[in-house]
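Since the structure comes first, as structure tokens, the remarks are kept for the end.
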Amino acid sequence: MLFEQGPIRPPSEAGSLLLRFTRNCPWNKCEFCITYKGARFSKRSLDEIFRDIDAVVAIIEDVKERSWREGYGGQITRSLVSEILRDPILHEQYKHVAVWLYRGTYNVFIQDANSLIMKTDELVKALTYLKQRIPKIKRITSYARASTLVRKSVQELKELKDAGLTRIHVGMESGCDKVLKFIKKGVTSKQLIESGKKVKEAKITLSEYIMPGLGGKEFSKEHSKSSAQILNEINPDFIRLRTLQVIPGTPLYDKLIKGEFKPLSEDEVVLEIRDFISRLENITSTITSDHIRNLLEEVEGNYPEDKQKMINIIDEYLSMSDEDRQLFRLGRRGGGLRSVKELFFPGVREKLKRAKAELEKSEGKSIDEIIFEMACEML
Ligand code: SF4
């Protein structure tokens with residue numbers, strides 16, 4: 001291994017260089033989450049982190065030398081990167097850096113689940129070294145737990161910002177204490193507000209993740225209402241929707257099997273999101289729907305000006321007939337549709353109707369069961 005990388009990143013960090021400062025999740029108890037189950041959390045020493053940064057720098061230099069050797073004049077071209085990707089000898093991390101150079105974002109995402117758990121002075125040293133060694137870096141982002149952020153002072157967060165940390169992603173999931181407790185988030189709504197305000201005061205960009213559907217049938221109303229209330233208080237830069245997927249192997253899945261968690265249907269989740277969006281007010285956040293699990297990925301925009309536009313998109317979906325909503329869900333989960341309007345492009349409905357009939361016949365199941373299975377595979 002050339003340098004260490006963890007398993008996940010936020011969808012918005014698809015073009016970022018992934019660097020691991022800590023391993024796994026120090027909490028690891030959220031009942032819907034499977035990412036780090038069975039993996040122990042550990043901190044990495046500064047020496048290890050510096051060695052990894054040096055390894056990335058060595059790859060950058062090697063890719064540039066290769067470009068000269070292969071006649072690309074030091075440029076990171078598509079042809080050069082294609083050759084690198086095809087080379088069976090080269091390591092995955094080498095390829096990752098080559099693609100990163102080609103994309104030219106110069107964004108870095110620090111893994112894993114809660115890098116802010118590092119001592120502030122150590123994290124400052126690691127960030128400073130990273131920026132010294134790769135001066136072209138523009139943005140450095142990380143996940144952080146609210147319960148960790150509340151233990152940092154605004155001054156410490158400002159030091160991290162000065163060292164290069166530009167954005168923090170917080171998996172808030174819900175603003176409702178009952179839901180937070182039910183899914184063992186280990187965080188309270190009070191901590192969510194305090195942590196969010198501190199990050200904003202330190203002038204670090206704040207991205208809060210909300211999980212529609214997480215309250216199930218029992219807490220759906222309170223989940224959307226309290227989540228909106230908390231976010232109205234924080235006014236984060238980004239509110240990102242990531243619809244719940246109950247994954248086999250998680251404690252939440254066991255609760256579902258035992259009947260202790262009653263999930264919402266896809267249409268109920270859409271209604272919940274409508275309620276949530278309607279309740280957001282006096283904020284200037286950007287809503288994004290950049291997760292594959294979201295049914296209506298076009299529900300995106302800036303507050304306050306796009307609020308009604310987002311509600312209109314939801315209403316357009318909800319006003320369709322049962323059959324059309326089902327066809328849309330089939331098209332969306334099958335990967336073909338990205339917006340409600342596309343359902344009415346010439347020939348699309350007819351094609352989906354044929355697909356529905358063929359699938360029901362070949363699978364011997366109802367189309368709703370098939371759509372559910374398709375959605376489960378979209379992780
Ligand atoms: S804090 Fe994040 S990574 Fe850790 S268990 Fe919860 S959801 Fe998973």
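By convention in this document, the chains of the structure tokens carry letters A, B, ... by their order, each chain's residues are numbered from 1, and ligands are numbered from 1 in the order they are shown.
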
Expected selection as JSON, numbers by chain for ligand 1 within 8 Å, only C-alpha atoms and all ligand atoms: {"A": [24, 25, 26, 27, 28, 29, 30, 31, 32, 33, 34, 35, 36, 37, 112, 113, 114, 145, 171, 185]}

For the structure I just gave you, how does DSSP split range 25-261 of chain A - specifically, which residues are strand (DSSP E)? Reply as a VMD selection string. chain A and resid 42 to 43 107 to 111 139 to 143 165 to 173 205 to 210 238 to 241

Residues of range 103-122 of chain A that approach range 7-18 of chain A to 10 Å or less, counting only C-alpha atoms: could you list each one with the shortest pair of atoms and its distance in Å to one decimal, rows by chain and increasing residue number, as a tab-separated table?
residue	atom	partner	partner_atom	distance
A:Arg103	CA	A:Gly15	CA	6.9
A:Gly104	CA	A:Gly15	CA	8.5
A:Thr105	CA	A:Gly15	CA	6.6
A:Tyr106	CA	A:Ser16	CA	7.0
A:Asn107	CA	A:Ser16	CA	4.8
A:Val108	CA	A:Leu17	CA	4.6
A:Phe109	CA	A:Leu18	CA	5.1
A:Ile110	CA	A:Leu18	CA	6.1
A:Gln111	CA	A:Leu18	CA	6.7
A:Asp112	CA	A:Ile8	CA	7.5
A:Ala113	CA	A:Ile8	CA	8.5

Taking into account only C-alpha atoms, which residue in the set A:Tyr129, A:Tyr102, A:Phe328, A:Tyr253 is nearest to Phe344 in chain A? A:Phe328

With only C-alpha atoms counted and 7 Å as the cut-off, give the residues of range 192-241 of chain A in contact with range 152-155 of chain A, each with its shortest interatomic distance in Å and the pair that gives it, as JSON lines.
{"residue": "A:Lys198", "atom": "CA", "partner": "A:Val154", "partner_atom": "CA", "distance": 5.7}
{"residue": "A:Glu201", "atom": "CA", "partner": "A:Val154", "partner_atom": "CA", "distance": 6.9}
{"residue": "A:Ala202", "atom": "CA", "partner": "A:Val154", "partner_atom": "CA", "distance": 5.8}

With C-alpha atoms retained, export the selected residues as an mmCIF file, in the first residue's frame.
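Done, and the output landed in again_30.cif:
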data_model
loop_
_atom_site.group_PDB
_atom_site.id
_atom_site.type_symbol
_atom_site.label_atom_id
_atom_site.label_comp_id
_atom_site.auth_asym_id
_atom_site.auth_seq_id
_atom_site.Cartn_x
_atom_site.Cartn_y
_atom_site.Cartn_z
ATOM 1 C CA LYS A 198 -19.354 27.178 16.534
ATOM 2 C CA GLU A 201 -18.493 31.345 13.929
ATOM 3 C CA ALA A 202 -15.090 29.951 12.974
#

Just the residues within 7 Å of range 266-279 of chain A, please, counting only C-alpha atoms, with nothing from its chain fewer than 3 positions along; format it as JSON, numbers by chain. {"A": [212, 213, 220, 224, 225, 228, 311, 314]}

So, with only C-alpha atoms as the atoms that count, which of A:Glu92, A:Glu281, A:Asp162, A:Asp87 lies closest to Asn235 in chain A?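 With only C-alpha atoms as the atom set, the closest residue is A:Glu281.
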
Give me the residues within 8 Å of Leu149 in chain A as a VMD selection string, counting only C-alpha atoms and dropping any in the same chain fewer than 5 places off. chain A and resid 116 144 195 198 to 199

Give me a file of those residues, with C-alpha atoms, as a PDB file, in the first residue's frame.
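So the final result, stored in selection_7.pdb, reads:
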ATOM      1  CA  LEU A 116     -11.848  16.292  14.409  1.00  0.00           C
ATOM      2  CA  ALA A 144     -16.995  15.502  12.258  1.00  0.00           C
ATOM      3  CA  SER A 195     -21.615  22.616  17.291  1.00  0.00           C
ATOM      4  CA  LYS A 198     -19.354  27.178  16.534  1.00  0.00           C
ATOM      5  CA  VAL A 199     -18.345  25.960  13.091  1.00  0.00           C
TER       6      VAL A 199
END

Enumerate as a PDB file with C-alpha atoms, in the first residue's frame all residues of range 261-371 of chain A assigned to alpha helix (DSSP H) by DSSP on the backbone, naming them with the chain letters and numbers the document uses.
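Result file states33.pdb:
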ATOM      1  CA  GLU A 266     -41.206   6.061  -0.789  1.00  0.00           C
ATOM      2  CA  ASP A 267     -44.227   8.353  -1.164  1.00  0.00           C
ATOM      3  CA  GLU A 268     -44.380   8.924   2.591  1.00  0.00           C
ATOM      4  CA  VAL A 269     -40.707   9.922   2.522  1.00  0.00           C
ATOM      5  CA  VAL A 270     -41.513  12.429  -0.244  1.00  0.00           C
ATOM      6  CA  LEU A 271     -44.299  13.867   1.927  1.00  0.00           C
ATOM      7  CA  GLU A 272     -41.921  14.080   4.869  1.00  0.00           C
ATOM      8  CA  ILE A 273     -39.370  15.978   2.772  1.00  0.00           C
ATOM      9  CA  ARG A 274     -42.131  18.334   1.647  1.00  0.00           C
ATOM     10  CA  ASP A 275     -43.027  19.051   5.252  1.00  0.00           C
ATOM     11  CA  PHE A 276     -39.347  19.546   6.149  1.00  0.00           C
ATOM     12  CA  ILE A 277     -38.679  21.941   3.264  1.00  0.00           C
ATOM     13  CA  SER A 278     -41.846  23.922   4.016  1.00  0.00           C
ATOM     14  CA  ARG A 279     -40.707  24.434   7.608  1.00  0.00           C
ATOM     15  CA  LYS A 307     -38.095  27.121  -1.636  1.00  0.00           C
ATOM     16  CA  GLN A 308     -41.310  27.232  -3.675  1.00  0.00           C
ATOM     17  CA  LYS A 309     -39.582  25.695  -6.700  1.00  0.00           C
ATOM     18  CA  MET A 310     -38.571  22.681  -4.590  1.00  0.00           C
ATOM     19  CA  ILE A 311     -42.080  22.321  -3.172  1.00  0.00           C
ATOM     20  CA  ASN A 312     -43.492  22.532  -6.709  1.00  0.00           C
ATOM     21  CA  ILE A 313     -41.272  19.642  -7.871  1.00  0.00           C
ATOM     22  CA  ILE A 314     -42.509  17.516  -4.969  1.00  0.00           C
ATOM     23  CA  ASP A 315     -46.128  18.461  -5.706  1.00  0.00           C
ATOM     24  CA  GLU A 316     -45.654  17.613  -9.371  1.00  0.00           C
ATOM     25  CA  TYR A 317     -44.622  14.102  -8.326  1.00  0.00           C
ATOM     26  CA  LEU A 318     -47.377  13.728  -5.718  1.00  0.00           C
ATOM     27  CA  ASP A 322     -50.614   5.991  -8.747  1.00  0.00           C
ATOM     28  CA  GLU A 323     -49.503   4.282 -11.942  1.00  0.00           C
ATOM     29  CA  ASP A 324     -47.270   7.163 -13.058  1.00  0.00           C
ATOM     30  CA  ARG A 325     -45.649   7.493  -9.626  1.00  0.00           C
ATOM     31  CA  GLN A 326     -44.918   3.785  -9.704  1.00  0.00           C
ATOM     32  CA  LEU A 327     -43.481   4.025 -13.231  1.00  0.00           C
ATOM     33  CA  PHE A 328     -41.356   6.963 -12.145  1.00  0.00           C
ATOM     34  CA  ARG A 329     -40.009   5.009  -9.173  1.00  0.00           C
ATOM     35  CA  LEU A 330     -39.206   2.095 -11.477  1.00  0.00           C
ATOM     36  CA  GLY A 331     -37.408   4.403 -13.917  1.00  0.00           C
ATOM     37  CA  ARG A 332     -35.526   6.173 -11.149  1.00  0.00           C
ATOM     38  CA  ARG A 333     -34.464   3.026  -9.294  1.00  0.00           C
ATOM     39  CA  VAL A 348     -40.665   6.656 -21.878  1.00  0.00           C
ATOM     40  CA  ARG A 349     -43.919   5.673 -20.138  1.00  0.00           C
ATOM     41  CA  GLU A 350     -44.599   2.943 -22.700  1.00  0.00           C
ATOM     42  CA  LYS A 351     -41.092   1.563 -22.309  1.00  0.00           C
ATOM     43  CA  LEU A 352     -41.427   1.502 -18.513  1.00  0.00           C
ATOM     44  CA  LYS A 353     -44.826  -0.169 -18.737  1.00  0.00           C
ATOM     45  CA  ARG A 354     -43.318  -2.919 -20.876  1.00  0.00           C
ATOM     46  CA  ALA A 355     -40.372  -3.244 -18.447  1.00  0.00           C
ATOM     47  CA  LYS A 356     -42.811  -3.487 -15.515  1.00  0.00           C
ATOM     48  CA  ALA A 357     -44.784  -6.321 -17.167  1.00  0.00           C
ATOM     49  CA  GLU A 358     -41.618  -8.216 -18.133  1.00  0.00           C
ATOM     50  CA  LEU A 359     -40.049  -7.850 -14.680  1.00  0.00           C
ATOM     51  CA  GLU A 360     -43.174  -8.999 -12.847  1.00  0.00           C
ATOM     52  CA  LYS A 361     -43.344 -12.035 -15.115  1.00  0.00           C
ATOM     53  CA  SER A 362     -39.658 -12.960 -14.947  1.00  0.00           C
ATOM     54  CA  GLU A 363     -39.196 -12.282 -11.208  1.00  0.00           C
ATOM     55  CA  ILE A 367     -43.332  -4.419  -9.112  1.00  0.00           C
ATOM     56  CA  ASP A 368     -43.208  -2.653  -5.724  1.00  0.00           C
ATOM     57  CA  GLU A 369     -41.099  -5.495  -4.303  1.00  0.00           C
ATOM     58  CA  ILE A 370     -38.812  -5.308  -7.333  1.00  0.00           C
ATOM     59  CA  ILE A 371     -38.465  -1.510  -7.014  1.00  0.00           C
TER      60      ILE A 371
END

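You can rank A:Asn232, A:Thr141, A:Thr148, A:Thr22 by their closest distance to Arg167 in chain A using only C-alpha atoms, and at the top of that list sits A:Thr141.
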
Got a sec: who's within 9 Å of Pro263 in chain A, counting only C-alpha atoms, leaving out chain neighbours fewer than 4 positions off, as a list in words? Gly213, Leu214, Gly215, Gly216, Lys217, Glu218, Val246 and Leu256 of chain A

One decimal, in Å: what's the spacing between CA of His223 in chain A and CA of Gly334 in chain A?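 So the answer is 28.8 Å.
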
Contacts of Lys190 in chain A at 10 Å or less, counting only C-alpha atoms, minus same-chain residues fewer than 6 places along, as a ChimeraX atom specification? /A:146-147,150,175,177,196,230

Residues of range 83-169 of chain A within 12 Å of range 41-53 of chain A: nearest atom pair and distance (Å, one decimal) for each, counting only C-alpha atoms, sorted by chain and number, as a tab-separated table?
residue	atom	partner	partner_atom	distance
A:Gln93	CA	A:Asp52	CA	10.8
A:Val97	CA	A:Ile53	CA	11.5
A:Val108	CA	A:Ile53	CA	11.4
A:Ile110	CA	A:Ile49	CA	10.8
A:Gln111	CA	A:Arg44	CA	11.2
A:Asp112	CA	A:Phe41	CA	9.4
A:Ala113	CA	A:Phe41	CA	9.5
A:Asn114	CA	A:Phe41	CA	10.0
A:Ser115	CA	A:Lys43	CA	8.9
A:Leu116	CA	A:Lys43	CA	11.0
A:Ile117	CA	A:Lys43	CA	8.8
A:Met118	CA	A:Lys43	CA	7.5
A:Lys119	CA	A:Lys43	CA	10.2
A:Asp121	CA	A:Leu46	CA	10.7
A:Glu122	CA	A:Leu46	CA	7.0
A:Leu123	CA	A:Leu46	CA	8.6
A:Val124	CA	A:Leu46	CA	10.6
A:Lys125	CA	A:Leu46	CA	8.0
A:Ala126	CA	A:Leu46	CA	6.7
A:Leu127	CA	A:Phe50	CA	9.8
A:Thr128	CA	A:Phe50	CA	10.4
A:Tyr129	CA	A:Phe50	CA	7.2
A:Leu130	CA	A:Ile53	CA	6.4
A:Lys131	CA	A:Ile53	CA	9.8
A:Gln132	CA	A:Ile53	CA	10.2
A:Arg133	CA	A:Ile53	CA	7.6
A:Ile134	CA	A:Ile53	CA	8.7

Excluding Arg78 in chain A and any residue of its chain fewer than 4 positions from it, enumerate the residues within 9 Å of it, using only C-alpha atoms, and give them as a list of chain:residue names. A:Ser82, A:Glu83, A:Val99, A:Tyr102

Serialized selection, N, CA, C and O atoms, as a PDB file, in the first residue's frame:
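Below is the file part-v7.pdb, written as the result:
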ATOM      1  N   SER A  82      -5.718   7.442 -18.864  1.00  0.00           N
ATOM      2  CA  SER A  82      -6.280   6.162 -19.342  1.00  0.00           C
ATOM      3  C   SER A  82      -5.201   5.087 -19.347  1.00  0.00           C
ATOM      4  O   SER A  82      -5.444   3.937 -18.945  1.00  0.00           O
ATOM      5  N   GLU A  83      -3.997   5.459 -19.792  1.00  0.00           N
ATOM      6  CA  GLU A  83      -2.887   4.481 -19.784  1.00  0.00           C
ATOM      7  C   GLU A  83      -2.580   4.025 -18.361  1.00  0.00           C
ATOM      8  O   GLU A  83      -2.377   2.834 -18.111  1.00  0.00           O
ATOM      9  N   VAL A  99      -5.973  10.310 -11.285  1.00  0.00           N
ATOM     10  CA  VAL A  99      -7.313  10.806 -11.651  1.00  0.00           C
ATOM     11  C   VAL A  99      -7.566  12.156 -10.977  1.00  0.00           C
ATOM     12  O   VAL A  99      -8.108  13.089 -11.572  1.00  0.00           O
ATOM     13  N   TYR A 102      -5.808  14.785 -12.848  1.00  0.00           N
ATOM     14  CA  TYR A 102      -6.501  15.045 -14.118  1.00  0.00           C
ATOM     15  C   TYR A 102      -7.744  15.910 -13.909  1.00  0.00           C
ATOM     16  O   TYR A 102      -7.995  16.861 -14.632  1.00  0.00           O
TER      17      TYR A 102
END

For a test of reading the model, state the distance in Å between CA of Gly335 in chain A and CA of Lys95 in chain A, rounded to one decimal.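 Between CA of Gly335 in chain A and CA of Lys95 in chain A the gap is 27.0 Å.
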
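For the choices A:Leu157, A:Val179, A:Ala375, A:Leu206, the atom-to-atom distance to Tyr143 in chain A is smallest for A:Leu206 when using only C-alpha atoms.
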
Using only C-alpha atoms: which of A:Thr288, A:Gln191, A:Thr166, A:Ser366 has the shortest distance to Ile204 in chain A: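 Going through A:Thr288, A:Gln191, A:Thr166, A:Ser366 one by one, the smallest distance to Ile204 in chain A is for A:Thr166.
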